[in-house]
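Worksheet for the structure shown next.
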Amino acid sequence: MALANNLKGARYALWKNPENLTGRQRSKLSEIQQTNRPLYRAYLLKEQLRQIYRLPADAAIRLLDGWIAWARRCRLPSFVKLAKTITAQRAGIVAAIEHGLSNARVEAINTQIRMITRRAYGFHSPDALIALAMLSLADLCPPLPR
């Protein structure tokens, strides 16, 4: 029960970017550092992995390799598994870092199409969905239904 009380209100402190933390959230992280070492280690691993895409390519690759080594020996099963996955996908990750490529734009468009599909639910034909997608995503003006 005492552990649960120590973690009360810590979720947003653990999720937010460190630069956006409030004073209360910073103190909560400090408390977690003292009382729950595995959780704080997971937080540090998450933050270091997040930094990889914010560094120049050479530094990012070195940080990625260091992160993999740390995650493998951290004794947190989820991060050990993630380190194995990242090791298996390392070539693609390094290519994305070196070339600055990601699928973020495609994922954003897919999300927007899913939202448009929900709005178009109940229309009698797919033409309305296609017209909404063209209007929203492509700035095209399709022929409007009569």
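Note on naming: chains are A, B, ... as they come in the structure tokens, residues start from 1 per chain, ligands start from 1 in the order shown.
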
Polymer residues at most 10 Å from Thr87 in chain A, only C-alpha atoms, same-chain spacing of 6 or more positions, as a ChimeraX atom specification: /A:64-65,68-69,81,93

Could you write out, as a VMD selection string, all the residues of chain A that DSSP marks as helix (DSSP H, G or I)? chain A and resid 2 to 7 11 to 15 18 to 20 23 to 35 37 to 54 57 to 72 77 to 88 90 to 99 104 to 119 126 to 137

Got time to write the residues from that selection, C-alpha atoms, as a CSV table (one decimal), in the first residue's frame?
```
chain,number,residue,atom,x,y,z
A,2,ALA,CA,2.9,2.4,0.8
A,3,LEU,CA,4.3,1.8,-2.7
A,4,ALA,CA,1.0,2.7,-4.3
A,5,ASN,CA,0.8,5.9,-2.3
A,6,ASN,CA,4.3,6.9,-3.4
A,7,LEU,CA,3.3,6.5,-7.0
A,11,ARG,CA,1.9,9.1,-14.2
A,12,TYR,CA,2.1,12.5,-15.9
A,13,ALA,CA,5.5,13.1,-14.5
A,14,LEU,CA,6.8,9.9,-16.1
A,15,TRP,CA,5.1,10.6,-19.4
A,18,PRO,CA,11.5,16.6,-18.8
A,19,GLU,CA,11.6,20.2,-20.1
A,20,ASN,CA,7.8,20.4,-19.6
A,23,GLY,CA,7.9,21.8,-10.0
A,24,ARG,CA,5.5,19.3,-8.4
A,25,GLN,CA,6.2,16.7,-11.1
A,26,ARG,CA,10.0,17.2,-10.7
A,27,SER,CA,9.7,16.5,-7.0
A,28,LYS,CA,7.6,13.4,-7.7
A,29,LEU,CA,10.3,12.1,-10.0
A,30,SER,CA,12.9,12.8,-7.3
A,31,GLU,CA,10.7,10.9,-4.9
A,32,ILE,CA,10.5,8.0,-7.3
A,33,GLN,CA,14.2,8.0,-7.7
A,34,GLN,CA,14.6,7.4,-4.0
A,35,THR,CA,11.7,4.9,-3.5
A,37,ARG,CA,14.7,2.4,-8.4
A,38,PRO,CA,13.4,0.0,-11.2
A,39,LEU,CA,10.7,2.5,-12.2
A,40,TYR,CA,13.2,5.4,-12.2
A,41,ARG,CA,15.6,3.2,-14.3
A,42,ALA,CA,12.8,2.6,-16.8
A,43,TYR,CA,12.1,6.4,-16.9
A,44,LEU,CA,15.8,7.1,-17.7
A,45,LEU,CA,15.9,4.4,-20.4
A,46,LYS,CA,12.8,5.9,-22.0
A,47,GLU,CA,14.3,9.4,-21.9
A,48,GLN,CA,17.6,8.3,-23.3
A,49,LEU,CA,15.9,6.4,-26.2
A,50,ARG,CA,13.9,9.5,-26.9
A,51,GLN,CA,17.1,11.5,-27.3
A,52,ILE,CA,18.4,9.4,-30.2
A,53,TYR,CA,16.3,11.2,-32.8
A,54,ARG,CA,17.4,14.6,-31.5
A,57,ALA,CA,23.6,10.9,-36.8
A,58,ASP,CA,27.1,9.9,-35.4
A,59,ALA,CA,26.2,10.8,-31.9
A,60,ALA,CA,22.8,9.2,-32.2
A,61,ILE,CA,24.2,5.9,-33.4
A,62,ARG,CA,26.7,5.8,-30.5
A,63,LEU,CA,23.9,6.6,-28.1
A,64,LEU,CA,21.7,3.9,-29.6
A,65,ASP,CA,24.5,1.3,-29.2
A,66,GLY,CA,25.0,2.4,-25.6
A,67,TRP,CA,21.3,2.3,-24.9
A,68,ILE,CA,21.0,-1.2,-26.3
A,69,ALA,CA,23.9,-2.4,-24.0
A,70,TRP,CA,22.3,-0.7,-21.0
A,71,ALA,CA,18.8,-2.0,-21.7
A,72,ARG,CA,20.2,-5.6,-22.1
A,77,PRO,CA,12.0,-7.6,-18.8
A,78,SER,CA,10.2,-5.2,-21.1
A,79,PHE,CA,13.4,-3.2,-21.8
A,80,VAL,CA,15.4,-6.4,-22.3
A,81,LYS,CA,12.9,-7.5,-24.9
A,82,LEU,CA,12.8,-4.0,-26.5
A,83,ALA,CA,16.6,-4.1,-26.7
A,84,LYS,CA,16.4,-7.4,-28.6
A,85,THR,CA,13.9,-6.0,-31.0
A,86,ILE,CA,15.9,-2.9,-31.6
A,87,THR,CA,19.0,-5.0,-32.1
A,88,ALA,CA,17.2,-7.0,-34.8
A,90,ARG,CA,19.1,-1.9,-35.9
A,91,ALA,CA,20.0,-1.5,-39.6
A,92,GLY,CA,16.7,0.1,-40.4
A,93,ILE,CA,16.9,2.4,-37.4
A,94,VAL,CA,20.4,3.5,-38.3
A,95,ALA,CA,19.3,4.2,-41.9
A,96,ALA,CA,16.4,6.3,-40.6
A,97,ILE,CA,18.8,8.2,-38.3
A,98,GLU,CA,21.3,8.8,-41.1
A,99,HIS,CA,18.8,9.8,-43.7
A,104,ALA,CA,5.3,9.9,-39.5
A,105,ARG,CA,3.6,11.6,-42.4
A,106,VAL,CA,2.1,8.4,-43.6
A,107,GLU,CA,0.9,7.5,-40.1
A,108,ALA,CA,-0.7,10.9,-39.7
A,109,ILE,CA,-2.6,10.6,-43.0
A,110,ASN,CA,-3.8,7.1,-42.0
A,111,THR,CA,-5.1,8.5,-38.7
A,112,GLN,CA,-6.9,11.3,-40.5
A,113,ILE,CA,-8.5,8.8,-42.9
A,114,ARG,CA,-9.7,6.7,-40.0
A,115,MET,CA,-11.3,9.7,-38.4
A,116,ILE,CA,-12.9,10.7,-41.8
A,117,THR,CA,-14.2,7.1,-42.1
A,118,ARG,CA,-15.9,7.4,-38.7
A,119,ARG,CA,-17.5,10.6,-39.8
A,126,PRO,CA,-18.2,5.2,-50.5
A,127,ASP,CA,-18.3,8.2,-52.7
A,128,ALA,CA,-19.0,10.5,-49.8
A,129,LEU,CA,-16.0,9.1,-47.9
A,130,ILE,CA,-13.7,9.5,-50.9
A,131,ALA,CA,-15.0,13.1,-51.4
A,132,LEU,CA,-14.4,13.9,-47.7
A,133,ALA,CA,-10.9,12.5,-47.9
A,134,MET,CA,-10.1,14.4,-51.0
A,135,LEU,CA,-11.4,17.7,-49.5
A,136,SER,CA,-9.6,17.2,-46.2
A,137,LEU,CA,-6.3,15.7,-47.2
```

Could you work out how far CA of Leu21 in chain A lies from CA of Gly100 in chain A, giving the answer in Å with one decimal?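 Distance reported for this atom pair: 27.9 Å.
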
Between CA of Gly122 in chain A and CA of Asp139 in chain A, what is the distance, to one decimal in Å?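 Result for CA of Gly122 in chain A versus CA of Asp139 in chain A: 23.7 Å, one decimal.
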